[in-house]
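Worksheet: one structure, shown below.
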Amino acid sequence: MAQKGSLKPVKRKKTEEPELEPLCCCEYIDRNGEKNHVAACLCDCQDLDAGCERWITCKSIQPETCERIMDTIYDHLRIPWLKGAKKVNISIIPPLILLPIFLHVASWHFLLGVVVLTSLPVLALWYYYLTHRRKEQTLFFLSLGLFSLGYMYYVFLREVVPKGRVGPTQLAILTCGLFLILLALYRAKKNPGYLRNPASNDNSLSNSQIEYLNRKGHEKTKGFSGADMSGGLNNRNMKDDLKGSCRILAGSPTKAKEDWCAKCQLVRPARAWHCRLCGVCVRRMDHHCVWMNSCVGESNHHAFILALLIFLLTSVYGIMLTLDTICRDRSVFTALFYCPGVYTNYSSALSFTCVWYSVIITAGMAYIFLIQLINISYNVTEREVQQALRQKTGRRLLCGLIVDTGQYSRGFLRNWYQFSTLGTHAVHHPAEDIV
């Protein structure tokens with residue numbers, strides 16, 4: 001007979017995990033999971049050492065080595081912060097350095113101004129197509145836009161206001177416009193209408209979908225012995241059934257064209273698209289705006305239009321005040337193209353150069369605003385316009401400025417009413433509950 005003592009379970013000692021020491025403001029955990037210090041930003045980098053050695057000896061450097069070097073530099077580029085150093089996105093740095101340099105150089109002479117102000121949009125477009133082709137997100141344009149606002153306001157306060165032509169009321173209006181732009185941008189950068197990813201939840205499918213798919217699974221497994229009737233369906237069959245049900249819905253008279261997104265693993269409602277830069281599906285996606293580093297969709301389209309409108313009004317008002325100060329007794333349009341003696345004084349030359357830089361940016365934003373108004377009037381999104389142009393299914397008007405797909409347009413007033421009610425519906429069915 002076994003002893004009582006032998007029946008007692010043996011207690012195992014819990015292995016005490018070593019507690020991680022808190023990080024100071026200059027320490028961080030690098031991409032290899034090791035503790036590192038900001039001061040050692042160029043240390044322990046074998047790829048960088050090997051690349052420098054090959055460069056000194058005039059040997060070629062492999063592209064893979066360059067990518068590893070850049071990844072290491074991105075990981076080591078940090079600033080001291082509470083509870084550990086924070087990583088800095090390197091794409092925000094070039095505008096902070098290059099924009100003041102270019103504008104100051106452009107203010108030295110008229111010809112330099114023409115060359116610099118012409119090259120800036122070209123460089124920006126080149127960088128845009130480079131990142132767009134690589135399908136990479138970048139904070140370059142967001143940094144450029146915000147820093148341009150701040151730097152134009154700084155030049156206005158330092159070079160224009162002291163001349164005495166701008167009153168307190170005019171300065172207050174311009175300042176309020178600047179704050180309203182930032183507020184509208186903050187609102188526009190919020191959730192544009194991301195679709196909930198079922199894979200991120202514990203229950204990836206809703207109860208209605210599971211009941212529907214299990215019912216189909218029971219019908220498929222009838223007559224097969226050994227089939228598990230409760231859990232015989234795997235994820236692959238569920239996805240295939242969801243895709244089949246989407247096709248049925250697409251052919252319904254209501255023309256609700258849902259689609260299955262293989263990347264997000266969800267059913268997309270009509271007019272929703274997958275953003276390859278954000279890596280998520282967005283309701284009624286219009287486009288991915290690089291100036292906000294965010295998508296424009298159902299939930300933030302109003303704020304995006306409002307931000308454009310406030311920016312245009314504030315920018316035009318600031319340009320008028322500046323030209324009225326440095327080119328007196330001339331109309332705004334005349335002073336923009338003919339302002340004698342403006343380059344004799346460095347202060348007025350810098351202000352005039354900033355005016356032309358603002359005009360270029362304002363013209364670009366005005367074109368985007370015009371396209372948005374046209375698309376809203378025809379009830380199309382920019383994504384649908386691009387798709388219609390590729391498939392040659394849209395009707396082009398005014399040399400391609402207007403593209404009418406004819407799919408969702410219900411007339412001018414109804415289209416604007418539908419846009420005004422975006423995001424105000426009381427109930428939004430989750431993407432996985434559409435079936």
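Ordering of the structure tokens sets the chain letters (A, B, ...), residue numbers begin anew at 1 in every chain, and ligands are numbered from 1 in the order given.
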
Per-residue nearest contacts region 323-415 of chain A to region 266-287 of chain A, cut-off 9 Å, using only C-alpha atoms, as a tab-separated table:
```
residue	atom	partner	partner_atom	distance
A:Val380	CA	A:Asp286	CA	8.4
A:Thr381	CA	A:Asp286	CA	4.7
A:Glu382	CA	A:Asp286	CA	5.1
A:Arg383	CA	A:Asp286	CA	5.5
A:Glu384	CA	A:Asp286	CA	7.9
```

Could you save the residues just selected, with all heavy atoms, as a short mmCIF file (atom, residue, chain, number, x, y, z; two decimals), in the first residue's frame?
```
data_model
loop_
_atom_site.label_atom_id
_atom_site.label_comp_id
_atom_site.auth_asym_id
_atom_site.auth_seq_id
_atom_site.Cartn_x
_atom_site.Cartn_y
_atom_site.Cartn_z
N VAL A 380 -17.81 60.20 -57.74
CA VAL A 380 -16.75 59.23 -58.01
C VAL A 380 -15.58 59.53 -57.08
O VAL A 380 -15.41 60.67 -56.63
CB VAL A 380 -16.27 59.27 -59.48
CG1 VAL A 380 -17.36 58.83 -60.42
CG2 VAL A 380 -15.75 60.66 -59.85
N THR A 381 -14.81 58.53 -56.79
CA THR A 381 -13.60 58.70 -56.01
C THR A 381 -12.40 58.71 -56.96
O THR A 381 -12.50 58.26 -58.11
CB THR A 381 -13.44 57.58 -54.98
OG1 THR A 381 -13.32 56.32 -55.67
CG2 THR A 381 -14.64 57.53 -54.05
N GLU A 382 -11.29 59.21 -56.47
CA GLU A 382 -10.09 59.25 -57.30
C GLU A 382 -9.62 57.84 -57.66
O GLU A 382 -9.10 57.62 -58.75
CB GLU A 382 -8.98 60.00 -56.55
CG GLU A 382 -7.75 60.31 -57.38
CD GLU A 382 -8.04 61.21 -58.56
OE1 GLU A 382 -9.01 62.00 -58.50
OE2 GLU A 382 -7.29 61.15 -59.56
N ARG A 383 -9.83 56.91 -56.76
CA ARG A 383 -9.47 55.51 -57.05
C ARG A 383 -10.33 54.95 -58.18
O ARG A 383 -9.82 54.24 -59.06
CB ARG A 383 -9.66 54.67 -55.77
CG ARG A 383 -9.31 53.19 -55.92
CD ARG A 383 -7.85 53.01 -56.19
NE ARG A 383 -7.47 51.62 -56.24
CZ ARG A 383 -7.65 50.80 -57.26
NH1 ARG A 383 -8.24 51.25 -58.35
NH2 ARG A 383 -7.25 49.55 -57.23
N GLU A 384 -11.62 55.28 -58.19
CA GLU A 384 -12.50 54.82 -59.27
C GLU A 384 -12.18 55.51 -60.59
O GLU A 384 -12.31 54.90 -61.66
CB GLU A 384 -13.96 55.07 -58.86
CG GLU A 384 -14.42 54.24 -57.68
CD GLU A 384 -15.73 54.73 -57.09
OE1 GLU A 384 -16.19 55.82 -57.49
OE2 GLU A 384 -16.28 54.04 -56.22
#
```

| said: So that I can see what lies close to region 351-360 of chain A, please list as a PyMOL selection string the residues with an atom at most 9 Å from it, counting only C-alpha atoms and leaving out residues fewer than 2 positions away in the same chain. | reply: chain A and resi 103-104+106-107+113+117+121+148+152+155-156+159-160+315-316+318-319+322-323+326+336+342-343+346-349+362-365

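For the pair CA of Leu195 (chain A) and CA of Ala303 (chain A), the separation is 19.1 Å.
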
Just the residues within 10 Å of Leu306 (chain A), please, counting only C-alpha atoms, with nothing from its chain fewer than 2 positions along; format it as a PDB file with N, CA and C atoms, in the first residue's frame.
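Result file follows (out-v6.pdb):
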```pdb
ATOM      1  N   LEU A 180      -6.426  76.910 -37.647  1.00  0.00           N
ATOM      2  CA  LEU A 180      -7.533  76.132 -38.207  1.00  0.00           C
ATOM      3  C   LEU A 180      -7.025  75.100 -39.199  1.00  0.00           C
ATOM      4  N   ILE A 181      -5.968  75.429 -39.953  1.00  0.00           N
ATOM      5  CA  ILE A 181      -5.370  74.452 -40.866  1.00  0.00           C
ATOM      6  C   ILE A 181      -4.836  73.255 -40.080  1.00  0.00           C
ATOM      7  N   ALA A 184      -7.728  71.167 -38.732  1.00  0.00           N
ATOM      8  CA  ALA A 184      -8.362  70.359 -39.774  1.00  0.00           C
ATOM      9  C   ALA A 184      -7.465  69.197 -40.207  1.00  0.00           C
ATOM     10  N   LEU A 185      -6.152  69.435 -40.274  1.00  0.00           N
ATOM     11  CA  LEU A 185      -5.227  68.350 -40.605  1.00  0.00           C
ATOM     12  C   LEU A 185      -5.223  67.281 -39.525  1.00  0.00           C
ATOM     13  N   ARG A 187      -7.703  66.513 -37.613  1.00  0.00           N
ATOM     14  CA  ARG A 187      -8.948  65.757 -37.761  1.00  0.00           C
ATOM     15  C   ARG A 187      -8.899  64.854 -38.997  1.00  0.00           C
ATOM     16  N   ALA A 188      -8.267  65.316 -40.068  1.00  0.00           N
ATOM     17  CA  ALA A 188      -8.206  64.522 -41.292  1.00  0.00           C
ATOM     18  C   ALA A 188      -7.276  63.327 -41.156  1.00  0.00           C
ATOM     19  N   ASN A 300     -12.984  60.653 -43.046  1.00  0.00           N
ATOM     20  CA  ASN A 300     -12.205  61.894 -42.960  1.00  0.00           C
ATOM     21  C   ASN A 300     -12.232  62.721 -44.245  1.00  0.00           C
ATOM     22  N   HIS A 301     -13.119  62.379 -45.199  1.00  0.00           N
ATOM     23  CA  HIS A 301     -13.168  63.122 -46.452  1.00  0.00           C
ATOM     24  C   HIS A 301     -13.630  64.558 -46.210  1.00  0.00           C
ATOM     25  N   HIS A 302     -14.585  64.745 -45.307  1.00  0.00           N
ATOM     26  CA  HIS A 302     -15.048  66.103 -44.997  1.00  0.00           C
ATOM     27  C   HIS A 302     -13.912  66.950 -44.448  1.00  0.00           C
ATOM     28  N   ALA A 303     -13.145  66.391 -43.495  1.00  0.00           N
ATOM     29  CA  ALA A 303     -12.045  67.146 -42.904  1.00  0.00           C
ATOM     30  C   ALA A 303     -10.962  67.444 -43.927  1.00  0.00           C
ATOM     31  N   PHE A 304     -10.744  66.535 -44.863  1.00  0.00           N
ATOM     32  CA  PHE A 304      -9.750  66.759 -45.905  1.00  0.00           C
ATOM     33  C   PHE A 304     -10.150  67.934 -46.800  1.00  0.00           C
ATOM     34  N   LEU A 308      -8.221  71.652 -47.079  1.00  0.00           N
ATOM     35  CA  LEU A 308      -7.826  72.270 -48.343  1.00  0.00           C
ATOM     36  C   LEU A 308      -8.407  73.673 -48.482  1.00  0.00           C
ATOM     37  N   LEU A 309      -9.681  73.828 -48.167  1.00  0.00           N
ATOM     38  CA  LEU A 309     -10.344  75.130 -48.304  1.00  0.00           C
ATOM     39  C   LEU A 309      -9.714  76.175 -47.383  1.00  0.00           C
ATOM     40  N   ILE A 310      -9.483  75.803 -46.119  1.00  0.00           N
ATOM     41  CA  ILE A 310      -8.899  76.760 -45.179  1.00  0.00           C
ATOM     42  C   ILE A 310      -7.477  77.115 -45.597  1.00  0.00           C
ATOM     43  N   PHE A 311      -6.734  76.137 -46.082  1.00  0.00           N
ATOM     44  CA  PHE A 311      -5.369  76.419 -46.525  1.00  0.00           C
ATOM     45  C   PHE A 311      -5.356  77.400 -47.691  1.00  0.00           C
ATOM     46  N   LEU A 312      -6.224  77.190 -48.658  1.00  0.00           N
ATOM     47  CA  LEU A 312      -6.259  78.079 -49.822  1.00  0.00           C
ATOM     48  C   LEU A 312      -6.608  79.510 -49.412  1.00  0.00           C
ATOM     49  N   PHE A 369      -7.930  70.563 -54.975  1.00  0.00           N
ATOM     50  CA  PHE A 369      -9.259  70.963 -54.495  1.00  0.00           C
ATOM     51  C   PHE A 369     -10.273  70.970 -55.633  1.00  0.00           C
TER      52      PHE A 369
END
```

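Using only C-alpha atoms, the residues found no farther than 10 Å from region 125-129 of chain A, other than those of its own chain fewer than 6 positions away, are Ser119, Lys135, Glu136, Thr138, Phe140, Phe141 and Val290 of chain A.
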
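Here CA of Asn36 (chain A) and CA of Ala50 (chain A) stand 20.8 Å from one another.
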
| field | Point-to-point distance from CA of Arg196 (chain A) to CA of Thr424 (chain A), Å rounded to tenths | value | 18.1 Å
